Amino acid sequence: MSKHNRWEERYKIENTPWDVGKPDFNLTSIVTKRPIGVCKALEIGCGTGDNAVWLAHRNFIVTGSDVSDIAIQKAIEKASNTDLKCAFVVADFLKDEISGAPFGFIFDRGCFHSFDSDKERKRFAENVASHLEKGGLWLSIIGSADDLPRDHGPPRRTARDIVVAVEPCFVILSLHSSHFDSNRPRPPKAWVCLMQKRNRA
C-alpha cells in the first residue's frame with residue numbers, strides 16, 4: 001500500500017491518534033517564545049488543519065499540505081467560516097512543488113520521521129530547503145528513539161538520524177527532548193528541532 005493510500009485509509013476509519021483537535025504545544029511555544037515573525041508559512045502533513053489554522057490566527061499567511069484528501073477536506077471546513085489567510089492543498093511533498101514558495105517558516109509534525117532511510121530523510125530536508133527563503137526556518141517534531149519500544153505510535157529516530165539528514169542544508173538552532181501533544185495516557189516522546197536554512201542550500 002502506498003503512503004498516500006495508507007494515510008487515506010487511516011483517516012477513512014478514523015484511526016488517527018495524532019489528530020488531537022488542537023495545535024501542538026511545541027509549535028505554539030516555539031512561535032510565541034522565540035518569537036518567530038509573521039511570514040508566509042507552510043505546514044507539511046497538516047492533517048485536519050489545527051496547527052495551520054492556529055498560525056493563521058497569528059497572522060501568518062499559511063498553506064497546509066497533506067497526502068490525504070479526507071484530511072484536507074476537514075481542514076478546509078475548519079477554516080471556511082473564518083477570514084483567515086489559510087489555504088489547503090492535497091500534495092505529496094517529495095513529489096510535488098507546493099505553490100507559494102518561498103516560505104519564511106515551514107512546520108512538520110511527524111512527516112520527516114515517517115521516512116525510514118537516511119537517503120529519504122535527506123531528500124525530505126533538501127525539499128524543505130528548496131521551499132524556504134534565504135534564512136528561513138524549519139520546525140520539525142520528530143518521534144524520539146529515547147522512548148520505550150512499543151508496537152504502535154510514531155517512528156523512533158535518533159539525534160544522529162536528524163543531524164545526518166539536515167546538516168547539509170540547515171543549521172540546527174535548537175534540538176531538545178519533549179513529547180507529542182496527545183490524548184494518550186503516555187504521550188510519545190519527541191525531538192523538537194528548529195533549523196535555519198544555510199545560505200548555500
# chains A, B, ... in the order shown; residues from 1 in each chain; ligands from 1
call {"tool": "residues_around", "arguments": {"residues": "region 158-160 of chain A", "least_positions_apart": "2", "cutoff": "12 Å", "atoms": "only C-alpha atoms", "output": "compact mmCIF listing (two decimals) with C-alpha atoms, in the first residue's frame"}}
result
# COMPACT_ATOMS: atom_id res chain seq x y z
CA HIS A 113 10.31 10.97 10.82
CA ASP A 116 12.94 5.09 7.12
CA ASP A 118 18.91 8.37 5.67
CA ARG A 121 15.15 11.89 5.12
CA ILE A 142 10.13 14.00 15.42
CA GLY A 143 9.50 10.70 17.20
CA SER A 144 12.36 10.01 19.61
CA ALA A 145 14.40 6.82 19.89
CA ASP A 146 14.76 7.64 23.60
CA ASP A 147 11.16 6.45 24.00
CA PRO A 155 8.63 6.13 14.32
CA ARG A 156 11.58 6.44 16.71
CA ILE A 162 18.27 14.06 12.35
CA VAL A 163 21.73 15.58 12.08
CA VAL A 164 22.84 13.36 9.19
CA ALA A 165 19.78 14.30 7.15
CA VAL A 166 19.54 18.03 7.80
CA GLU A 167 23.12 19.28 8.28
CA ILE A 172 20.38 23.37 13.82
CA SER A 174 17.93 24.04 18.86
CA LEU A 175 17.26 20.34 19.41
CA HIS A 176 15.59 19.30 22.63
CA SER A 177 13.62 16.42 24.05
CA LYS A 189 8.49 11.20 23.29
CA ALA A 190 9.66 13.60 20.61
CA TRP A 191 12.58 15.67 19.43
CA VAL A 192 11.77 19.32 18.77
CA CYS A 193 14.20 20.58 16.17
call {"tool": "closest_atom_pairs", "arguments": {"of": "region 57-163 of chain A", "to": "region 30-51 of chain A", "cutoff": "10 Å", "atoms": "only C-alpha atoms", "output": "CSV"}}
result
residue,atom,partner,partner_atom,distance
A:His57,CA,A:Asn51,CA,9.9
A:Arg58,CA,A:Val38,CA,7.6
A:Asn59,CA,A:Val38,CA,6.3
A:Phe60,CA,A:Val38,CA,5.1
A:Ile61,CA,A:Lys40,CA,4.6
A:Val62,CA,A:Ala41,CA,4.8
A:Thr63,CA,A:Leu42,CA,4.9
A:Gly64,CA,A:Glu43,CA,4.7
A:Ser65,CA,A:Ile44,CA,5.2
A:Asp66,CA,A:Gly45,CA,4.4
A:Val67,CA,A:Gly45,CA,7.2
A:Ser68,CA,A:Gly47,CA,7.6
A:Asp69,CA,A:Gly47,CA,9.5
A:Ile70,CA,A:Thr48,CA,8.3
A:Ala71,CA,A:Thr48,CA,4.8
A:Ile72,CA,A:Thr48,CA,6.1
A:Gln73,CA,A:Thr48,CA,7.7
A:Lys74,CA,A:Thr48,CA,5.2
A:Ala75,CA,A:Thr48,CA,4.3
A:Ile76,CA,A:Gly49,CA,7.7
A:Glu77,CA,A:Thr48,CA,8.9
A:Lys78,CA,A:Gly49,CA,7.2
A:Ala79,CA,A:Gly49,CA,8.1
A:Lys85,CA,A:Lys40,CA,9.7
A:Cys86,CA,A:Ala41,CA,9.5
A:Ala87,CA,A:Leu42,CA,9.6
A:Phe88,CA,A:Gly49,CA,8.4
A:Val89,CA,A:Cys46,CA,9.5
A:Val90,CA,A:Gly45,CA,9.5
A:Ala91,CA,A:Gly45,CA,9.0
A:Asp92,CA,A:Gly45,CA,9.0
A:Phe93,CA,A:Ile44,CA,7.2
A:Ile98,CA,A:Leu42,CA,8.7
A:Ser99,CA,A:Leu42,CA,9.9
A:Gly100,CA,A:Lys40,CA,8.1
A:Ala101,CA,A:Lys40,CA,8.3
A:Pro102,CA,A:Lys40,CA,8.0
A:Phe103,CA,A:Lys40,CA,5.1
A:Gly104,CA,A:Lys40,CA,5.5
A:Phe105,CA,A:Ala41,CA,4.8
A:Ile106,CA,A:Leu42,CA,4.8
A:Phe107,CA,A:Glu43,CA,4.8
A:Asp108,CA,A:Ile44,CA,5.1
A:Arg109,CA,A:Gly45,CA,7.2
A:Gly110,CA,A:Gly45,CA,7.8
A:Cys111,CA,A:Gly45,CA,6.2
A:Phe112,CA,A:Ile44,CA,9.1
A:Val128,CA,A:Ile44,CA,9.1
A:His131,CA,A:Leu42,CA,8.8
A:Leu132,CA,A:Ala41,CA,9.2
A:Glu133,CA,A:Lys40,CA,9.8
A:Gly136,CA,A:Cys39,CA,9.9
A:Leu137,CA,A:Ile36,CA,8.7
A:Trp138,CA,A:Leu42,CA,9.5
A:Leu139,CA,A:Ile30,CA,8.6
A:Ser140,CA,A:Ile44,CA,9.7
call {"tool": "write_last_selection", "arguments": {"atoms": "C-alpha atoms", "output": "short mmCIF file (atom, residue, chain, number, x, y, z; two decimals), in the first residue's frame"}}
result
data_model
loop_
_atom_site.label_atom_id
_atom_site.label_comp_id
_atom_site.auth_asym_id
_atom_site.auth_seq_id
_atom_site.Cartn_x
_atom_site.Cartn_y
_atom_site.Cartn_z
CA HIS A 57 -4.91 33.23 13.66
CA ARG A 58 -1.49 34.71 14.47
CA ASN A 59 -1.49 36.46 11.07
CA PHE A 60 0.80 34.06 9.22
CA ILE A 61 -0.18 33.54 5.57
CA VAL A 62 -0.48 29.77 5.66
CA THR A 63 -0.52 26.90 3.19
CA GLY A 64 -1.22 23.44 4.56
CA SER A 65 -0.45 20.33 2.51
CA ASP A 66 -1.26 16.67 3.08
CA VAL A 67 -1.44 13.48 1.02
CA SER A 68 -4.92 12.69 2.38
CA ASP A 69 -7.92 14.12 0.55
CA ILE A 70 -10.09 13.42 3.59
CA ALA A 71 -7.78 15.34 5.92
CA ILE A 72 -7.60 18.31 3.55
CA GLN A 73 -11.39 18.47 3.23
CA LYS A 74 -11.70 18.57 7.02
CA ALA A 75 -9.04 21.29 7.20
CA ILE A 76 -10.89 23.37 4.60
CA GLU A 77 -14.08 23.03 6.65
CA LYS A 78 -12.31 24.26 9.80
CA ALA A 79 -11.05 27.36 8.03
CA LYS A 85 -5.32 33.65 5.22
CA CYS A 86 -5.14 29.88 5.07
CA ALA A 87 -5.13 27.57 2.04
CA PHE A 88 -5.01 23.78 1.88
CA VAL A 89 -3.77 21.52 -0.91
CA VAL A 90 -3.54 17.78 -1.49
CA ALA A 91 0.11 17.07 -2.33
CA ASP A 92 2.91 14.56 -1.88
CA PHE A 93 5.72 16.74 -0.55
CA ILE A 98 3.93 23.47 -3.25
CA SER A 99 2.77 26.79 -4.70
CA GLY A 100 3.51 29.94 -2.74
CA ALA A 101 7.23 29.32 -2.21
CA PRO A 102 9.49 30.66 -0.96
CA PHE A 103 8.16 30.46 2.59
CA GLY A 104 9.68 32.06 5.68
CA PHE A 105 8.65 29.27 8.04
CA ILE A 106 7.93 25.56 7.49
CA PHE A 107 6.46 23.25 10.12
CA ASP A 108 6.03 19.50 10.13
CA ARG A 109 4.75 17.34 12.95
CA GLY A 110 5.65 13.76 12.23
CA CYS A 111 6.38 13.88 8.48
CA PHE A 112 10.18 13.94 8.44
CA VAL A 128 12.17 21.74 2.68
CA HIS A 131 10.73 25.76 -0.43
CA LEU A 132 12.31 28.20 2.05
CA GLU A 133 13.55 31.73 1.52
CA GLY A 136 14.07 30.63 6.51
CA LEU A 137 13.18 28.44 9.49
CA TRP A 138 12.03 24.83 9.71
CA LEU A 139 10.48 23.38 12.87
CA SER A 140 10.09 19.60 12.95
#
call {"tool": "closest_residue", "arguments": {"among": "A:Lys95, A:Phe115, A:Pro188, A:His179", "to": "Asn26 (chain A)", "atoms": "only C-alpha atoms"}}
result
A:His179
call {"tool": "closest_residue", "arguments": {"among": "A:Ser182, A:Arg200, A:Glu126, A:Asp161", "to": "Thr16 (chain A)", "atoms": "only C-alpha atoms"}}
result
A:Ser182
call {"tool": "atom_distance", "arguments": {"atom1": "CA of Arg184 (chain A)", "atom2": "CA of Ser117 (chain A)"}}
result
27.8 Å
call {"tool": "atom_distance", "arguments": {"atom1": "CA of Phe180 (chain A)", "atom2": "CA of Leu55 (chain A)"}}
result
17.9 Å
call {"tool": "decode", "arguments": {"residues": "region 151-167 of chain A", "atoms": "N, CA and C atoms", "output": "short mmCIF file (atom, residue, chain, number, x, y, z; two decimals), in the first residue's frame"}}
result
data_model
loop_
_atom_site.label_atom_id
_atom_site.label_comp_id
_atom_site.auth_asym_id
_atom_site.auth_seq_id
_atom_site.Cartn_x
_atom_site.Cartn_y
_atom_site.Cartn_z
N ASP A 151 4.64 -1.17 20.20
CA ASP A 151 4.09 -1.73 18.96
C ASP A 151 3.46 -0.65 18.08
N HIS A 152 2.94 0.40 18.71
CA HIS A 152 2.24 1.44 17.96
C HIS A 152 2.81 2.81 18.30
N GLY A 153 2.53 3.78 17.46
CA GLY A 153 2.99 5.13 17.72
C GLY A 153 3.97 5.60 16.66
N PRO A 154 4.47 6.82 16.81
CA PRO A 154 5.35 7.39 15.78
C PRO A 154 6.67 6.66 15.66
N PRO A 155 7.29 6.70 14.48
CA PRO A 155 8.63 6.13 14.32
C PRO A 155 9.60 6.75 15.31
N ARG A 156 10.62 5.99 15.70
CA ARG A 156 11.58 6.44 16.71
C ARG A 156 12.91 6.73 16.03
N ARG A 157 13.33 7.98 16.06
CA ARG A 157 14.57 8.40 15.40
C ARG A 157 15.57 8.92 16.44
N THR A 158 16.85 8.76 16.11
CA THR A 158 17.91 9.24 16.99
C THR A 158 18.31 10.66 16.60
N ALA A 159 19.04 11.32 17.51
CA ALA A 159 19.57 12.64 17.18
C ALA A 159 20.50 12.54 15.97
N ARG A 160 21.24 11.44 15.87
CA ARG A 160 22.11 11.24 14.72
C ARG A 160 21.31 11.20 13.42
N ASP A 161 20.18 10.49 13.43
CA ASP A 161 19.33 10.42 12.23
C ASP A 161 18.97 11.83 11.75
N ILE A 162 18.67 12.69 12.69
CA ILE A 162 18.27 14.06 12.35
C ILE A 162 19.45 14.83 11.77
N VAL A 163 20.56 14.80 12.49
CA VAL A 163 21.73 15.58 12.08
C VAL A 163 22.24 15.16 10.71
N VAL A 164 22.34 13.86 10.48
CA VAL A 164 22.84 13.36 9.19
C VAL A 164 21.98 13.87 8.03
N ALA A 165 20.68 13.90 8.23
CA ALA A 165 19.78 14.30 7.15
C ALA A 165 19.75 15.80 6.92
N VAL A 166 19.79 16.60 7.96
CA VAL A 166 19.54 18.03 7.80
C VAL A 166 20.79 18.89 7.68
N GLU A 167 21.93 18.43 8.22
CA GLU A 167 23.12 19.28 8.28
C GLU A 167 23.58 19.85 6.94
#
